[in-house]
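upload.txt, holding compact mmCIF, C-alpha atoms:
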```txt
# COMPACT_ATOMS: atom_id res chain seq x y z
CA MET A 1 -18.92 -87.36 66.50
CA THR A 2 -21.99 -89.00 64.96
CA LYS A 3 -23.09 -92.49 65.93
CA THR A 4 -22.55 -93.73 62.38
CA ARG A 5 -18.99 -92.40 62.24
CA ALA A 6 -18.16 -93.88 65.66
CA THR A 7 -19.52 -97.25 64.50
CA ALA A 8 -17.34 -97.09 61.38
CA ILE A 9 -14.29 -96.27 63.51
CA GLY A 10 -15.09 -99.19 65.79
CA PHE A 11 -15.24 -101.52 62.80
CA ILE A 12 -11.57 -100.71 62.09
CA ALA A 13 -10.82 -102.86 65.14
CA VAL A 14 -12.58 -105.81 63.49
CA LEU A 15 -10.43 -105.33 60.37
CA LEU A 16 -7.27 -105.18 62.47
CA TRP A 17 -8.23 -108.26 64.51
CA SER A 18 -8.68 -110.14 61.24
CA LEU A 19 -4.88 -109.92 60.86
CA LEU A 20 -4.22 -111.28 64.35
CA ALA A 21 -3.82 -114.91 63.24
CA LEU A 22 -1.59 -114.03 60.28
CA PHE A 23 0.82 -111.92 62.34
CA THR A 24 0.75 -114.42 65.20
CA VAL A 25 1.90 -117.19 62.85
CA GLY A 26 4.67 -114.90 61.63
CA SER A 27 5.81 -114.12 65.18
CA SER A 28 6.60 -117.76 65.99
CA PRO A 29 8.33 -119.08 68.12
CA THR A 30 7.76 -116.28 70.66
CA PRO A 31 5.56 -117.62 73.52
CA PRO A 32 2.14 -115.98 73.97
CA LEU A 33 2.66 -114.11 77.25
CA LEU A 34 5.99 -112.66 76.08
CA LEU A 35 4.25 -111.71 72.83
CA ASN A 36 1.55 -109.97 74.86
CA THR A 37 4.19 -108.12 76.85
CA ILE A 38 5.92 -106.79 73.74
CA CYS A 39 2.73 -105.92 71.85
CA PHE A 40 0.96 -104.22 74.75
CA SER A 41 4.15 -102.26 75.43
CA ILE A 42 4.21 -101.00 71.83
CA GLY A 43 0.51 -100.14 71.78
CA GLY A 44 0.60 -98.48 75.19
CA THR A 45 3.76 -96.46 74.53
CA LEU A 46 2.46 -95.10 71.23
CA GLY A 47 -0.83 -94.26 72.92
CA LEU A 48 0.95 -92.28 75.65
CA ILE A 49 3.06 -90.44 73.06
CA TRP A 50 -0.06 -89.50 71.09
CA THR A 51 -1.83 -88.43 74.27
CA GLY A 52 1.11 -86.29 75.36
CA ALA A 53 1.39 -84.65 71.95
CA ASN A 54 -2.27 -83.64 72.17
CA GLY A 55 -2.01 -82.37 75.74
CA GLY A 56 -4.16 -85.13 77.17
CA LEU A 57 -1.88 -86.41 79.94
CA ARG A 58 -3.66 -84.21 82.47
CA GLN A 59 -6.91 -86.01 81.62
CA LEU A 60 -5.34 -89.32 82.58
CA ARG A 61 -4.69 -88.07 86.10
CA ALA A 62 -8.41 -87.46 86.55
CA VAL A 63 -9.41 -91.03 85.61
CA PRO A 64 -10.39 -93.07 88.71
CA TRP A 65 -8.11 -95.96 89.61
CA THR A 66 -11.11 -98.28 89.46
CA THR A 67 -11.46 -97.49 85.75
CA TYR A 68 -7.81 -98.36 85.15
CA LEU A 69 -8.29 -101.61 87.06
CA PHE A 70 -11.37 -102.41 84.98
CA GLY A 71 -9.63 -101.73 81.66
CA THR A 72 -6.49 -103.64 82.57
CA ALA A 73 -8.51 -106.63 83.74
CA GLY A 74 -10.42 -106.60 80.46
CA LEU A 75 -7.38 -106.56 78.17
CA PHE A 76 -5.13 -108.81 80.24
CA GLY A 77 -7.90 -111.15 81.41
CA TYR A 78 -9.17 -111.85 77.91
CA HIS A 79 -5.75 -112.81 76.54
CA ALA A 80 -4.68 -114.81 79.60
CA LEU A 81 -7.91 -116.85 79.53
CA TYR A 82 -7.75 -117.29 75.76
CA PHE A 83 -4.23 -118.71 75.64
CA SER A 84 -4.87 -120.90 78.70
CA ALA A 85 -8.04 -122.30 77.13
CA LEU A 86 -6.22 -123.22 73.93
CA ARG A 87 -3.58 -125.06 75.95
CA MET A 88 -6.16 -127.13 77.85
CA ALA A 89 -8.56 -127.95 74.99
CA PRO A 90 -8.48 -128.42 71.19
CA ALA A 91 -7.98 -125.07 69.49
CA ALA A 92 -10.99 -125.32 67.16
CA GLU A 93 -13.54 -126.07 69.87
CA ALA A 94 -12.07 -123.69 72.46
CA GLY A 95 -11.73 -120.96 69.85
CA LEU A 96 -15.37 -121.34 68.85
CA ILE A 97 -16.53 -121.01 72.46
CA ALA A 98 -14.28 -117.98 72.99
CA TYR A 99 -15.76 -116.40 69.86
CA LEU A 100 -19.17 -116.26 71.52
CA TRP A 101 -18.25 -112.71 72.58
CA PRO A 102 -19.80 -110.95 69.55
CA LEU A 103 -23.10 -112.73 70.13
CA LEU A 104 -22.92 -111.95 73.86
CA ILE A 105 -22.25 -108.27 73.08
CA VAL A 106 -25.40 -108.12 70.96
CA LEU A 107 -27.46 -109.80 73.68
CA PHE A 108 -25.99 -107.90 76.65
CA SER A 109 -26.28 -104.56 74.88
CA GLY A 110 -30.05 -104.89 75.09
CA LEU A 111 -29.70 -104.25 78.83
CA LEU A 112 -28.09 -100.84 78.30
CA PRO A 113 -30.17 -97.66 78.71
CA GLY A 114 -31.51 -96.43 75.39
CA GLU A 115 -30.76 -99.69 73.56
CA HIS A 116 -33.39 -102.10 72.26
CA LEU A 117 -32.80 -105.69 71.23
CA ARG A 118 -34.83 -106.59 68.15
CA LEU A 119 -35.54 -109.91 66.49
CA GLY A 120 -33.26 -108.91 63.60
CA HIS A 121 -30.31 -108.53 65.99
CA LEU A 122 -30.90 -112.02 67.38
CA LEU A 123 -31.32 -113.61 63.96
CA GLY A 124 -28.30 -111.79 62.52
CA ALA A 125 -26.12 -112.75 65.50
CA CYS A 126 -27.15 -116.41 65.21
CA LEU A 127 -26.38 -116.50 61.49
CA GLY A 128 -23.03 -114.85 62.13
CA PHE A 129 -22.23 -117.36 64.85
CA ALA A 130 -23.08 -120.20 62.47
CA GLY A 131 -20.67 -118.71 59.92
CA ALA A 132 -17.94 -118.38 62.53
CA ALA A 133 -18.52 -122.01 63.52
CA VAL A 134 -18.07 -123.16 59.92
CA ILE A 135 -14.74 -121.32 59.68
CA ILE A 136 -13.28 -122.30 63.03
CA THR A 137 -14.28 -125.97 62.82
CA GLY A 138 -13.56 -126.29 59.11
CA GLY A 139 -17.03 -127.71 58.63
CA GLY A 140 -16.12 -130.80 60.59
CA SER A 141 -17.44 -132.41 63.75
CA MET A 142 -16.93 -130.59 67.02
CA GLY A 143 -16.02 -133.74 68.95
CA PHE A 144 -16.42 -132.38 72.49
CA GLN A 145 -14.86 -134.54 75.20
CA THR A 146 -15.41 -134.35 78.94
CA ASP A 147 -11.68 -134.24 79.75
CA HIS A 148 -11.51 -130.94 77.89
CA LEU A 149 -14.25 -129.32 79.97
CA PRO A 150 -11.82 -127.20 82.05
CA GLY A 151 -10.48 -125.66 78.83
CA TYR A 152 -13.99 -125.09 77.53
CA GLY A 153 -14.89 -123.40 80.80
CA LEU A 154 -11.94 -121.00 80.48
CA ALA A 155 -12.95 -120.27 76.87
CA LEU A 156 -16.46 -119.38 78.04
CA LEU A 157 -14.99 -117.08 80.71
CA CYS A 158 -12.89 -115.56 77.93
CA ALA A 159 -16.02 -114.74 75.90
CA LEU A 160 -17.78 -113.36 78.96
CA THR A 161 -14.74 -111.23 79.84
CA TRP A 162 -14.47 -109.45 76.48
CA SER A 163 -18.22 -109.05 75.96
CA GLY A 164 -18.61 -107.74 79.51
CA TYR A 165 -15.66 -105.36 79.04
CA SER A 166 -17.07 -104.07 75.76
CA VAL A 167 -20.62 -103.54 77.02
CA LEU A 168 -19.61 -102.04 80.37
CA SER A 169 -17.24 -99.67 78.54
CA ARG A 170 -20.40 -97.99 77.25
CA ARG A 171 -21.10 -96.95 80.85
CA LEU A 172 -17.69 -95.23 80.93
CA GLY A 173 -18.56 -92.87 78.10
CA ASP A 174 -16.94 -89.89 79.88
CA THR A 175 -13.61 -91.69 80.23
CA PRO A 176 -11.15 -90.50 77.54
CA THR A 177 -10.07 -93.09 74.97
CA SER A 178 -6.46 -92.13 75.81
CA SER A 179 -6.90 -94.10 79.05
CA VAL A 180 -6.60 -97.25 76.93
CA ALA A 181 -2.87 -96.49 76.74
CA VAL A 182 -2.63 -97.00 80.50
CA PHE A 183 -4.67 -100.21 80.19
CA CYS A 184 -2.11 -101.49 77.67
CA ILE A 185 0.93 -100.58 79.78
CA ALA A 186 -0.57 -102.22 82.86
CA ALA A 187 -1.51 -105.32 80.82
CA ALA A 188 2.06 -105.47 79.52
CA VAL A 189 3.43 -105.42 83.07
CA ALA A 190 1.00 -108.15 84.18
CA SER A 191 1.81 -110.28 81.12
CA GLY A 192 5.54 -109.80 81.68
CA LEU A 193 5.37 -110.92 85.29
CA LEU A 194 3.29 -113.97 84.38
CA HIS A 195 5.69 -114.76 81.53
CA LEU A 196 8.65 -114.81 83.90
CA ALA A 197 6.75 -117.17 86.16
CA VAL A 198 5.49 -119.75 83.65
CA GLU A 199 7.28 -119.39 80.29
CA ASP A 200 10.75 -119.70 78.79
CA THR A 201 11.97 -116.54 77.07
CA VAL A 202 12.21 -117.07 73.30
CA TRP A 203 12.66 -113.97 71.12
CA PRO A 204 11.71 -113.76 67.42
CA ASP A 205 14.46 -115.41 65.37
CA SER A 206 14.04 -113.65 62.02
CA ALA A 207 13.26 -110.32 60.39
CA ILE A 208 9.77 -111.59 59.54
CA GLY A 209 9.29 -112.54 63.17
CA TRP A 210 10.21 -109.08 64.46
CA ALA A 211 8.13 -107.41 61.74
CA SER A 212 5.13 -109.53 62.72
CA VAL A 213 5.55 -108.64 66.39
CA ALA A 214 5.79 -104.94 65.52
CA ALA A 215 2.71 -105.20 63.30
CA LEU A 216 0.78 -106.87 66.14
CA GLY A 217 1.72 -104.11 68.56
CA LEU A 218 0.78 -101.40 66.11
CA GLY A 219 -2.49 -102.96 64.94
CA PRO A 220 -4.44 -105.90 66.46
CA VAL A 221 -2.93 -105.46 69.95
CA GLY A 222 -2.55 -101.68 69.71
CA LEU A 223 -4.64 -99.35 67.57
CA ALA A 224 -7.53 -101.83 67.60
CA PHE A 225 -8.22 -101.20 71.30
CA TYR A 226 -8.42 -97.43 70.81
CA VAL A 227 -10.83 -97.49 67.87
CA TRP A 228 -12.88 -100.22 69.56
CA ASP A 229 -13.19 -98.01 72.63
CA ILE A 230 -14.61 -95.20 70.48
CA GLY A 231 -17.00 -97.58 68.76
CA VAL A 232 -18.50 -99.22 71.84
CA LYS A 233 -18.84 -95.90 73.69
CA GLN A 234 -20.26 -93.70 70.95
CA GLY A 235 -21.37 -96.02 68.14
CA ASP A 236 -24.03 -98.68 67.55
CA ILE A 237 -22.79 -101.40 69.89
CA GLN A 238 -25.30 -103.95 68.62
CA MET A 239 -24.17 -103.45 65.03
CA LEU A 240 -20.53 -103.67 66.11
CA GLY A 241 -21.18 -106.89 67.99
CA THR A 242 -22.75 -108.52 64.96
CA ALA A 243 -20.19 -107.09 62.51
CA SER A 244 -17.45 -108.64 64.65
CA TYR A 245 -18.32 -111.98 63.08
CA ALA A 246 -16.51 -110.69 60.00
CA ALA A 247 -13.22 -111.11 61.89
CA PRO A 248 -12.93 -114.93 61.52
CA LEU A 249 -13.99 -114.67 57.87
CA LEU A 250 -11.45 -111.94 57.04
CA SER A 251 -8.81 -113.71 59.11
CA THR A 252 -9.28 -116.88 57.09
CA LEU A 253 -9.13 -114.92 53.82
CA ALA A 254 -5.85 -113.35 54.93
CA LEU A 255 -4.42 -116.80 55.67
CA VAL A 256 -5.59 -118.05 52.25
CA VAL A 257 -3.98 -115.11 50.45
CA ALA A 258 -0.75 -115.72 52.39
CA GLY A 259 -0.80 -119.39 51.39
CA ILE A 260 -1.16 -120.61 54.98
CA ALA A 261 -4.72 -121.93 54.52
CA ALA A 262 -6.50 -123.41 51.50
CA PRO A 263 -9.83 -122.12 50.12
CA SER A 264 -12.87 -124.36 50.61
CA TRP A 265 -16.62 -124.61 50.24
CA GLY A 266 -16.86 -124.09 54.00
CA LEU A 267 -15.35 -120.64 53.54
CA ALA A 268 -17.92 -119.77 50.87
CA ILE A 269 -20.80 -120.95 53.06
CA ALA A 270 -19.45 -118.97 56.00
CA ALA A 271 -19.22 -115.86 53.83
CA VAL A 272 -22.92 -116.13 52.95
CA LEU A 273 -23.93 -116.69 56.58
CA ILE A 274 -21.84 -113.84 57.97
CA THR A 275 -22.77 -111.36 55.25
CA GLY A 276 -26.44 -112.24 55.55
CA GLY A 277 -26.36 -111.97 59.32
CA ALA A 278 -24.68 -108.57 59.21
CA ALA A 279 -27.22 -107.32 56.66
CA ILE A 280 -30.16 -108.43 58.80
CA ALA A 281 -28.69 -106.85 61.91
CA ALA A 282 -27.93 -103.63 60.03
CA ARG A 283 -31.54 -103.40 58.87
CA ALA A 284 -32.72 -103.95 62.44
CA SER A 285 -30.43 -101.15 63.68
CA MET A 286 -31.76 -98.72 61.06
CA ARG A 287 -35.40 -99.31 61.99
CA ARG A 288 -37.01 -96.74 64.26
```
This entry written out as structure tokens:
Amino acid sequence: MTKTRATAIGFIAVLLWSLLALFTVGSSPTPPLLLNTICFSIGGTLGLIWTGANGGLRQLRAVPWTTYLFGTAGLFGYHALYFSALRMAPAAEAGLIAYLWPLLIVLFSGLLPGEHLRLGHLLGACLGFAGAAVIITGGGSMGFQTDHLPGYGLALLCALTWSGYSVLSRRLGDTPTSSVAVFCIAAAVASGLLHLAVEDTVWPDSAIGWASVAALGLGPVGLAFYVWDIGVKQGDIQMLGTASYAAPLLSTLALVVAGIAAPSWGLAIAAVLITGGAAIAARASMRR
């Protein structure tokens, strides 16, 4: 597989994650950890079925247990920290801090063998972050408060968890992507146990709710992890990190089309910032 094709496959994850907010709204009132349990179970089960159909189950036996621990911690840790942060701090501010992970991927990737961090990557990532900030905050004031610092700290750990998982996955290039199915199943078990400990069980109460949960498990919390694994291992990880800023833009557009959010000048400004940042980073990646 060429690097360009792997990068394109990895970008499918960004497109799928752009639907995360829309499907999450539709899945209400299911609590987050129960939602994680259901979605990871769907994504992991389908992954195991696909792996078995292609004769790849034997490969899974050869994967070290430390790799499974690493992958499970990445998937489960990110979501557990994210939902906890949004419970302890305002969603806009905590979400913005958590969405530092694309910028951190671009920066951390410069430490990988064979990768070089150029000025264009830094400038593109900063422009993309500015665009994400406009979307998440709605163009308003951040309004940070000291009593929300614990939540902000968890959001920062959330960003570090996913960026670290994504960059370190590059060092596991020989690990088959099918191992992500085991990561998902293990994350589902961990989420289920934590759900029983801290949440009340509330199932989807409508056909739209169940359809949204199924769509989450098939896409943003399912297929997205597999194509992302291919992208970060075999593609241009710096370009993927910067292109990930398209997720909040596309997510907002999906909410606008669905009538959940209203269009605004802030959205237009964010589109210019994100598109410009991605273009600058792309040019930097193509330079020799």
Centre, edges in Å (one decimal): axis-aligned box, stretch 149-158 of chain A, 4 Å padding on all six sides, as lines of an AutoDock Vina configuration file:
```
center_x = -13.5
center_y = -122.4
center_z = 79.5
size_x = 14.0
size_y = 21.8
size_z = 13.2
```
* **All residues 7 Å or closer to A:Gly192, all atoms listed in the file, same chain fewer than 3 positions away omitted, as a count of residues only** => 7
With the cut-off set at 6 Å and counting all atoms listed in the file, tabulate each residue of stretch 64-120 of chain A with an atom at most that distance from an atom of stretch 146-158 of chain A, showing the nearest atom pair and its distance in Å to one decimal, ordered by chain and increasing number, as CSV.
```
residue,atom,partner,partner_atom,distance
A:Tyr78,CA,A:Cys158,CA,5.3
A:Leu81,CA,A:Cys158,CA,5.4
A:Tyr82,CA,A:Cys158,CA,5.8
A:Ala85,CA,A:Gly151,CA,4.5
A:Met88,CA,A:Gly151,CA,4.7
A:Ala89,CA,A:Gly151,CA,4.9
A:Ala94,CA,A:Tyr152,CA,5.6
A:Ile97,CA,A:Ala155,CA,5.7
A:Ala98,CA,A:Ala155,CA,4.7
```
* Asked: Nearest to A:Gly241: which of A:Leu273, A:Leu19, A:Cys184, A:Cys126 is it, counting all atoms listed in the file?
  -> A:Cys126
* **Distance in Å - atom CA of A:Ala215 versus atom CA of A:Ser41** =>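 Straight-line distance from atom CA of A:Ala215 to atom CA of A:Ser41 works out to 12.6 Å.
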* A:Thr30, A:Ser251, A:Leu111, A:Ile12: which is nearest A:Ser206, counting all atoms listed in the file? -> A:Thr30
* Mind checking which residues fall within 12 Å of A:Thr242, counting only C-alpha atoms, ignoring those fewer than 6 positions away in the same chain, and posting them as a PyMOL selection string? => chain A and resi 7+11+14+99-107+109+120-132+163+236+273-285
* Selected residue of minimal separation from A:Ala73 among A:Ser191, A:Gly110, A:Leu16, A:Pro31, counting all atoms listed in the file ->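 Closest candidate: A:Ser191.
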* Asked: So what do you get for atom CA of A:Ile237 versus atom CA of A:Arg118, distance-wise?
  -> 13.2 Å
* To do: Could you check which of A:Met239, A:Ala187, A:Leu250, A:Ala80 is closest to A:Leu117, using all atoms listed in the file?
  =>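 Result for the nearest residue to A:Leu117: A:Met239.
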* **Residues near stretch 217-231 of chain A, cut-off 6 Å, only C-alpha atoms, skip fewer than 3 positions along chain, as JSON, numbers by chain** => {"A": [6, 7, 9, 10, 13, 16, 17, 20, 39, 42, 43, 214, 234, 235]}
* **Nearest-residue call for A:Ala258, choices A:Ala159, A:Met1, A:Leu119, A:Ala21, using all atoms listed in the file** => A:Ala21
* **Nearby residues (all atoms listed in the file) at most 9 Å from stretch 176-182 of chain A, same-chain spacing under 4 positions excluded, as a PyMOL selection string** => chain A and resi 40+43-48+50-51+56-57+59-60+63+67-68+71-72+172+186-187+222+225-227+229-230
* Tell me which of A:Thr24, A:Ala8, A:Gly55, A:Leu15 sits closest to A:Ile208, counting all atoms listed in the file. => A:Thr24
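Atom CA of A:Ser212 is found 27.8 Å from atom CA of A:Gly266.
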* To do: Taking (14.3, -118.7, 74.2) in the file's own coordinates, collect the residues within 9 Å, counting only C-alpha atoms, and hand them back as JSON, numbers by chain.
  => {"A": [29, 30, 31, 200, 201, 202, 203, 204]}
